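Report on the following structure.
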Number of protein chains: 2
Amino acid sequence: MTTMRKSRKRDRILEILRGTRSHPTAEWVYGRLRRESPHVSLGTVYRNLGQLAEHGIIKRIDFGSAVERYEANILSHHHFVCERCGSVADLEVPVDESLTRKLSQAAGVKADRHEIRLYGTCAACARKGRKG
Amino acid sequence: MTTMRKSRKRDRILEILRGTRSHPTAEWVYGRLRRESPHVSLGTVYRNLGQLAEHGIIKRIDFGSAVERYEANILSHHHFVCERCGSVADLEVPVDESLTRKLSQAAGVKADRHEIRLYGTCAACARKGRKG
DNA sequence: TTGAGTGCAAACTATTTGCAACTGG
DNA sequence: CCAGTTGCAAATAGTTTGCACTCAA
């Protein structure tokens with residue numbers, strides 16, 4: 001993680017992201033930024049979003065990898081995701097179906113299911129030492 | 001969603017997936033399948049995994065899109081994901097931090113945070129009609 | 001001055017698709 | 001026989017990277 005110098009582009013990218021309630025893609029941010037900086041490159045947007053995320057100023061939301069994963073267990077269940085190696089494991093705990101209704105009502109949305117993801121370090125990675 | 005004929009390859013793909021507790025990628029399944037069918041193509045694996053998922057026989061785990069999304073809200077919060085259009089919205093409900101510990105203990109893993117994702121149909125999509 | 005930031009284009013990776021041959025019902 | 005399945009290769013889509021140039025500290 002390198003130190004961050006100040007940059008007009010990055011500032012604007014952050015402002016754009018802060019100015020929306022949606023959870024935009026890099027492409028969307030690029031489109032917005034291009035209105036004021038027609039020559040900005042998509043690479044710059046990716047680089048800056050990545051840096052901002054690395055510094056904890058914004059968040060990237062996905063499973064930590066863009067790769068699709070599949071599982072044969074189609075019963076509702078939750079997952080544990082290792083933030084070091086990206087491995088995924090099923091949680092051996094019962095799913096509280098009523099939580100979907102409770103959360104939906106509280107949040108004012110219409111959902112028919114929910115999934116919980118626990119994030120941490122898996123046993124294998126923990127064994128390999130504490131450095132990141 | 002087309003009808004599914006029986007196919008040796010698809011049967012094996014399903015068996016391979018059922019034979020692991022990991023949550024493999026298409027590439028991983030491909031590697032396994034190639035041990036017994038050296039000429040199988042990656043396209044076949046993708047097509048079959050996709051079909052099995054479409055028919056609800058297996059599950060695909062991700063946000064419904066392989067595109068990375070970013071958000072400026074770095075405080076812990078949950079999300080609502082529309083299964084029609086893939087849009088993501090923050091849930092305006094407080095996060096129960098103690099749930100991380102409770103779930104971790106019950107599942108026997110070491111996690112330091114959790115995230116809940118509600119899945120359903122967003123208001124905009126619901127308005128556009130019931131067909132899907 | 002010097003290392004970070006940028007535009008541009010090329011490279012990469014994961015996934016999808018067109019096509020001709022094959023196969024199950 | 002006919003629609004679904006497959007291998008192969010080419011095409012996409014999203015993301016990353018090398019390079020030369022610019023800019024901030």
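Naming works like this for the structure tokens: A, B, ... for the chains as they're shown, residue 1 at the start of each chain, ligands 1 onward in shown order.
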
Would you mind listing, for every residue of chain C within 12 Å of chain A, the two atoms forming the shortest contact and the distance between them in Å to one decimal, using only C-alpha atoms (C1' of nucleotides), sorted by chain and ascending residue number, as a tab-separated table?
```
residue	atom	partner	partner_atom	distance
C:DG3	C1'	A:Arg5	CA	9.9
C:DA4	C1'	A:Arg5	CA	6.4
C:DG5	C1'	A:Ser7	CA	7.2
C:DT6	C1'	A:Thr44	CA	6.7
C:DG7	C1'	A:Ser41	CA	6.0
C:DC8	C1'	A:Ser41	CA	7.8
C:DA9	C1'	A:Gly43	CA	10.7
C:DT13	C1'	A:Val67	CA	9.6
C:DA14	C1'	A:Val67	CA	6.9
C:DT15	C1'	A:Glu68	CA	9.6
```

Expected file contents, prior selection, C-alpha atoms (C1' of nucleotides), as a PDB file, in the first residue's frame:
```pdb
ATOM      1  C1'  DG C   3       8.004   9.192  -6.787  1.00  0.00           C
ATOM      2  C1'  DA C   4       2.914   9.279  -7.295  1.00  0.00           C
ATOM      3  C1'  DG C   5      -0.774  10.153 -10.755  1.00  0.00           C
ATOM      4  C1'  DT C   6      -2.546  10.006 -15.523  1.00  0.00           C
ATOM      5  C1'  DG C   7      -3.992   8.803 -20.492  1.00  0.00           C
ATOM      6  C1'  DC C   8      -3.686   5.476 -23.739  1.00  0.00           C
ATOM      7  C1'  DA C   9      -3.495   1.127 -25.495  1.00  0.00           C
ATOM      8  C1'  DT C  13      -8.849 -13.356 -16.854  1.00  0.00           C
ATOM      9  C1'  DA C  14     -13.225 -15.152 -16.398  1.00  0.00           C
ATOM     10  C1'  DT C  15     -17.109 -16.168 -18.980  1.00  0.00           C
TER      11       DT C  15
END
```

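Interface residues on chain D toward chain B (cut-off 12 Å, only C-alpha atoms (C1' of nucleotides)): DA3, DG4, DT5, DT6, DG7, DC8, DA9, DA13, DG14 and DT15 of chain D.
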
Residues of chain A were defined as contacting chain B if any atom lay at most 8 Å from it, counting only C-alpha atoms; please report them as a PyMOL selection string. chain A and resi 14+17-18+21-26+49+56-63+66-74+80+87-89+91-93+100+103-104+106-107+109-123

If you keep N, CA and C atoms, can you produce a file of those selected residues as a short mmCIF file (atom, residue, chain, number, x, y, z; two decimals), in the first residue's frame?
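File produced: again_34.cif:
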```cif
data_model
loop_
_atom_site.label_atom_id
_atom_site.label_comp_id
_atom_site.auth_asym_id
_atom_site.auth_seq_id
_atom_site.Cartn_x
_atom_site.Cartn_y
_atom_site.Cartn_z
N LEU A 14 -14.07 10.31 -5.26
CA LEU A 14 -14.63 10.11 -3.92
C LEU A 14 -15.91 10.92 -3.75
N LEU A 17 -18.73 9.26 -5.57
CA LEU A 17 -19.21 8.08 -4.85
C LEU A 17 -20.02 8.50 -3.62
N ARG A 18 -19.58 9.56 -2.96
CA ARG A 18 -20.29 10.01 -1.77
C ARG A 18 -21.61 10.67 -2.13
N ARG A 21 -26.51 7.29 -3.56
CA ARG A 21 -26.91 6.27 -2.59
C ARG A 21 -26.86 4.90 -3.24
N SER A 22 -26.59 4.89 -4.53
CA SER A 22 -26.51 3.60 -5.22
C SER A 22 -25.13 3.01 -4.92
N HIS A 23 -24.89 1.84 -5.40
CA HIS A 23 -23.61 1.18 -5.16
C HIS A 23 -22.99 0.97 -6.51
N PRO A 24 -22.45 2.03 -7.06
CA PRO A 24 -22.05 2.02 -8.46
C PRO A 24 -20.86 1.15 -8.83
N THR A 25 -20.79 0.86 -10.11
CA THR A 25 -19.67 0.12 -10.67
C THR A 25 -18.62 1.13 -11.11
N ALA A 26 -17.43 0.64 -11.41
CA ALA A 26 -16.36 1.53 -11.86
C ALA A 26 -16.80 2.25 -13.15
N LEU A 49 -10.24 3.90 -7.36
CA LEU A 49 -11.21 3.18 -6.53
C LEU A 49 -10.47 2.12 -5.70
N GLY A 56 -9.25 2.08 3.06
CA GLY A 56 -10.43 2.04 3.93
C GLY A 56 -11.32 3.27 3.83
N ILE A 57 -11.13 4.06 2.80
CA ILE A 57 -11.92 5.26 2.65
C ILE A 57 -13.27 4.95 2.00
N ILE A 58 -13.26 3.94 1.18
CA ILE A 58 -14.51 3.44 0.61
C ILE A 58 -14.52 1.91 0.76
N LYS A 59 -15.60 1.30 0.39
CA LYS A 59 -15.66 -0.17 0.46
C LYS A 59 -15.99 -0.77 -0.90
N ARG A 60 -15.38 -1.91 -1.12
CA ARG A 60 -15.63 -2.69 -2.32
C ARG A 60 -16.60 -3.77 -1.85
N ILE A 61 -17.69 -4.00 -2.55
CA ILE A 61 -18.58 -5.06 -2.08
C ILE A 61 -18.68 -6.22 -3.05
N ASP A 62 -18.17 -7.33 -2.62
CA ASP A 62 -18.30 -8.58 -3.34
C ASP A 62 -17.72 -9.65 -2.43
N PHE A 63 -17.38 -10.78 -2.95
CA PHE A 63 -16.85 -11.84 -2.11
C PHE A 63 -15.33 -11.75 -2.00
N ALA A 66 -13.73 -11.91 -8.03
CA ALA A 66 -14.76 -11.74 -9.04
C ALA A 66 -15.14 -13.09 -9.65
N VAL A 67 -14.57 -14.14 -9.13
CA VAL A 67 -14.81 -15.46 -9.68
C VAL A 67 -16.09 -16.07 -9.12
N GLU A 68 -16.88 -16.62 -9.98
CA GLU A 68 -18.11 -17.27 -9.54
C GLU A 68 -17.80 -18.58 -8.83
N ARG A 69 -18.55 -18.85 -7.80
CA ARG A 69 -18.37 -20.12 -7.10
C ARG A 69 -19.70 -20.85 -7.09
N TYR A 70 -19.63 -22.16 -7.00
CA TYR A 70 -20.83 -22.97 -7.03
C TYR A 70 -20.86 -23.91 -5.85
N GLU A 71 -22.05 -24.30 -5.45
CA GLU A 71 -22.15 -25.27 -4.36
C GLU A 71 -23.37 -26.14 -4.59
N ALA A 72 -23.25 -27.38 -4.13
CA ALA A 72 -24.34 -28.33 -4.34
C ALA A 72 -25.40 -28.22 -3.25
N ASN A 73 -25.05 -27.59 -2.15
CA ASN A 73 -25.98 -27.45 -1.02
C ASN A 73 -26.97 -26.33 -1.30
N ILE A 74 -28.18 -26.71 -1.74
CA ILE A 74 -29.14 -25.67 -2.10
C ILE A 74 -30.07 -25.29 -0.96
N PHE A 80 -19.02 -18.62 5.78
CA PHE A 80 -17.87 -17.97 6.38
C PHE A 80 -16.89 -17.72 5.24
N SER A 87 -11.27 -18.37 0.71
CA SER A 87 -12.03 -19.61 0.77
C SER A 87 -13.39 -19.39 1.43
N VAL A 88 -14.31 -20.23 1.07
CA VAL A 88 -15.68 -20.11 1.59
C VAL A 88 -16.07 -21.40 2.27
N ALA A 89 -16.72 -21.32 3.40
CA ALA A 89 -17.17 -22.53 4.10
C ALA A 89 -18.61 -22.34 4.56
N LEU A 91 -21.65 -22.43 7.11
CA LEU A 91 -21.78 -22.33 8.56
C LEU A 91 -22.74 -23.42 9.02
N GLU A 92 -22.30 -24.18 9.99
CA GLU A 92 -23.13 -25.27 10.48
C GLU A 92 -24.05 -24.77 11.58
N VAL A 93 -24.86 -23.80 11.25
CA VAL A 93 -25.83 -23.29 12.23
C VAL A 93 -27.18 -23.18 11.53
N THR A 100 -35.60 -12.85 8.13
CA THR A 100 -35.90 -12.19 6.85
C THR A 100 -37.06 -11.22 7.03
N LEU A 103 -36.11 -8.19 9.49
CA LEU A 103 -35.24 -7.20 8.86
C LEU A 103 -35.97 -6.45 7.75
N SER A 104 -36.74 -7.18 6.95
CA SER A 104 -37.46 -6.55 5.85
C SER A 104 -38.39 -5.47 6.37
N ALA A 106 -38.31 -3.90 9.24
CA ALA A 106 -37.57 -2.79 9.84
C ALA A 106 -36.96 -1.89 8.78
N ALA A 107 -36.51 -2.50 7.67
CA ALA A 107 -35.83 -1.71 6.64
C ALA A 107 -36.80 -1.17 5.58
N VAL A 109 -38.34 -2.98 3.10
CA VAL A 109 -38.17 -3.58 1.77
C VAL A 109 -38.92 -4.91 1.74
N LYS A 110 -39.06 -5.45 0.54
CA LYS A 110 -39.75 -6.73 0.42
C LYS A 110 -38.75 -7.80 0.01
N ALA A 111 -38.32 -8.58 0.98
CA ALA A 111 -37.33 -9.61 0.69
C ALA A 111 -37.93 -10.97 0.99
N ASP A 112 -37.45 -11.99 0.31
CA ASP A 112 -37.99 -13.31 0.61
C ASP A 112 -36.96 -14.27 1.20
N ARG A 113 -35.73 -13.79 1.30
CA ARG A 113 -34.73 -14.62 1.97
C ARG A 113 -33.55 -13.75 2.38
N HIS A 114 -32.69 -14.31 3.20
CA HIS A 114 -31.51 -13.56 3.61
C HIS A 114 -30.33 -14.50 3.72
N GLU A 115 -29.16 -13.93 3.67
CA GLU A 115 -27.96 -14.74 3.85
C GLU A 115 -27.00 -13.94 4.70
N ILE A 116 -26.37 -14.63 5.63
CA ILE A 116 -25.39 -13.97 6.49
C ILE A 116 -24.00 -14.45 6.09
N ARG A 117 -23.10 -13.49 6.01
CA ARG A 117 -21.72 -13.84 5.71
C ARG A 117 -20.82 -13.39 6.86
N LEU A 118 -20.10 -14.34 7.41
CA LEU A 118 -19.15 -14.02 8.47
C LEU A 118 -17.80 -13.85 7.79
N TYR A 119 -17.07 -12.84 8.17
CA TYR A 119 -15.75 -12.61 7.59
C TYR A 119 -14.69 -12.72 8.68
N GLY A 120 -13.60 -13.36 8.34
CA GLY A 120 -12.52 -13.51 9.30
C GLY A 120 -11.35 -14.22 8.66
N THR A 121 -10.54 -14.89 9.49
CA THR A 121 -9.39 -15.62 8.97
C THR A 121 -9.62 -17.10 9.23
N CYS A 122 -9.50 -17.91 8.21
CA CYS A 122 -9.75 -19.35 8.39
C CYS A 122 -8.60 -20.00 9.16
N ALA A 123 -8.84 -21.18 9.68
CA ALA A 123 -7.86 -21.88 10.49
C ALA A 123 -6.54 -22.06 9.75
#
```

Using atom CA of A:Asp11 and atom CA of A:Glu54 as the two end points, give the distance in Å to one decimal.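 Atom-to-atom, atom CA of A:Asp11 to atom CA of A:Glu54, that is 15.3 Å.
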
Alpha helix (DSSP H) call set, DSSP backbone run, stretch 36-128 of chain B, as number ranges by chain: B: 36, 42-54, 98-107, 123-127

May I have the selected residues written with C-alpha atoms, as an mmCIF file, in the first residue's frame?
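Wrote it out as part-v6.cif, contents follow:
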```cif
data_model
loop_
_atom_site.group_PDB
_atom_site.id
_atom_site.type_symbol
_atom_site.label_atom_id
_atom_site.label_comp_id
_atom_site.auth_asym_id
_atom_site.auth_seq_id
_atom_site.Cartn_x
_atom_site.Cartn_y
_atom_site.Cartn_z
ATOM 1 C CA GLU B 36 -11.492 -38.540 -16.573
ATOM 2 C CA LEU B 42 -14.325 -25.324 -20.231
ATOM 3 C CA GLY B 43 -17.348 -24.060 -22.126
ATOM 4 C CA THR B 44 -19.150 -27.297 -21.371
ATOM 5 C CA VAL B 45 -18.433 -26.894 -17.688
ATOM 6 C CA TYR B 46 -19.740 -23.338 -17.646
ATOM 7 C CA ARG B 47 -22.822 -24.289 -19.625
ATOM 8 C CA ASN B 48 -23.660 -27.166 -17.351
ATOM 9 C CA LEU B 49 -23.009 -25.319 -14.115
ATOM 10 C CA GLY B 50 -25.221 -22.559 -15.431
ATOM 11 C CA GLN B 51 -27.987 -24.961 -16.295
ATOM 12 C CA LEU B 52 -27.828 -26.794 -13.010
ATOM 13 C CA ALA B 53 -28.033 -23.457 -11.217
ATOM 14 C CA GLU B 54 -30.933 -22.311 -13.391
ATOM 15 C CA SER B 98 -23.113 -9.229 18.954
ATOM 16 C CA LEU B 99 -24.453 -11.448 16.190
ATOM 17 C CA THR B 100 -20.913 -11.910 14.890
ATOM 18 C CA ARG B 101 -19.809 -13.456 18.156
ATOM 19 C CA LYS B 102 -22.936 -15.546 18.578
ATOM 20 C CA LEU B 103 -22.760 -17.002 15.101
ATOM 21 C CA SER B 104 -19.011 -17.529 15.240
ATOM 22 C CA GLN B 105 -19.247 -19.450 18.464
ATOM 23 C CA ALA B 106 -22.131 -21.555 17.257
ATOM 24 C CA ALA B 107 -20.370 -22.337 13.973
ATOM 25 C CA ALA B 123 -39.898 -1.468 -5.750
ATOM 26 C CA ALA B 124 -38.958 -0.369 -9.261
ATOM 27 C CA CYS B 125 -38.893 -3.905 -10.599
ATOM 28 C CA ALA B 126 -42.087 -4.848 -8.788
ATOM 29 C CA ARG B 127 -43.775 -1.898 -10.496
#
```

How far is it from atom CA of B:His55 to atom CA of B:Ile13, in Å with one decimal? 14.4 Å

I'd like to know which of C:DT1, C:DG25, C:DC19, C:DC12 is closest to D:DA25, using only C-alpha atoms (C1' of nucleotides).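 Between C:DT1, C:DG25, C:DC19, C:DC12, the residue approaching D:DA25 most closely is C:DT1.
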
Which distance in Å separates atom C1' of D:DC19 and atom C1' of C:DA10, to one decimal?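 Separation of atom C1' of D:DC19 and atom C1' of C:DA10: 10.7 Å.
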
Contacts of C:DA11 within 10 Å, only C-alpha atoms (C1' of nucleotides), excl. fewer than 6 positions in-chain, as a PDB file with C-alpha atoms (C1' of nucleotides), in the first residue's frame:
```
ATOM      1  C1'  DT D  16      -5.171  -4.700 -14.786  1.00  0.00           C
ATOM      2  C1'  DT D  17      -0.766  -3.131 -16.451  1.00  0.00           C
ATOM      3  C1'  DG D  18       3.384  -1.092 -19.167  1.00  0.00           C
TER       4       DG D  18
END
```

Strand (DSSP E) residues, from DSSP on the backbone, in chain B, as a list in words: Lys59, Arg60, Ile61, Arg69, Tyr70, Glu71, His79, Phe80, Val81, Cys82, Val88, Ala89, Asp90, Ala111, Asp112, Arg113, His114, Glu115, Ile116, Arg117, Leu118, Tyr119 and Gly120 of chain B

C-alpha atoms of the current selection, written as a PDB file, in the first residue's frame:
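File written: out.pdb
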```pdb
ATOM      1  CA  LYS B  59     -26.383 -22.681  -6.268  1.00  0.00           C
ATOM      2  CA  ARG B  60     -24.203 -19.959  -7.664  1.00  0.00           C
ATOM      3  CA  ILE B  61     -22.840 -17.742  -4.922  1.00  0.00           C
ATOM      4  CA  ARG B  69     -19.366  -2.366  -6.806  1.00  0.00           C
ATOM      5  CA  TYR B  70     -18.154   0.385  -4.528  1.00  0.00           C
ATOM      6  CA  GLU B  71     -19.718   2.431  -1.777  1.00  0.00           C
ATOM      7  CA  HIS B  79     -27.667  -4.722   2.078  1.00  0.00           C
ATOM      8  CA  PHE B  80     -30.754  -5.429   0.066  1.00  0.00           C
ATOM      9  CA  VAL B  81     -30.136  -6.992  -3.334  1.00  0.00           C
ATOM     10  CA  CYS B  82     -32.743  -7.023  -6.075  1.00  0.00           C
ATOM     11  CA  VAL B  88     -28.062  -2.884  -4.238  1.00  0.00           C
ATOM     12  CA  ALA B  89     -29.406  -0.708  -1.441  1.00  0.00           C
ATOM     13  CA  ASP B  90     -28.276  -0.114   2.109  1.00  0.00           C
ATOM     14  CA  ALA B 111     -14.911 -14.101  12.484  1.00  0.00           C
ATOM     15  CA  ASP B 112     -14.607 -10.426  13.253  1.00  0.00           C
ATOM     16  CA  ARG B 113     -17.607  -9.102  11.403  1.00  0.00           C
ATOM     17  CA  HIS B 114     -20.705 -10.149   9.554  1.00  0.00           C
ATOM     18  CA  GLU B 115     -22.916  -8.863   6.832  1.00  0.00           C
ATOM     19  CA  ILE B 116     -26.502  -9.720   6.073  1.00  0.00           C
ATOM     20  CA  ARG B 117     -27.899  -9.635   2.583  1.00  0.00           C
ATOM     21  CA  LEU B 118     -31.623  -9.569   1.985  1.00  0.00           C
ATOM     22  CA  TYR B 119     -32.729 -10.792  -1.419  1.00  0.00           C
ATOM     23  CA  GLY B 120     -35.985  -9.889  -3.105  1.00  0.00           C
TER      24      GLY B 120
END
```
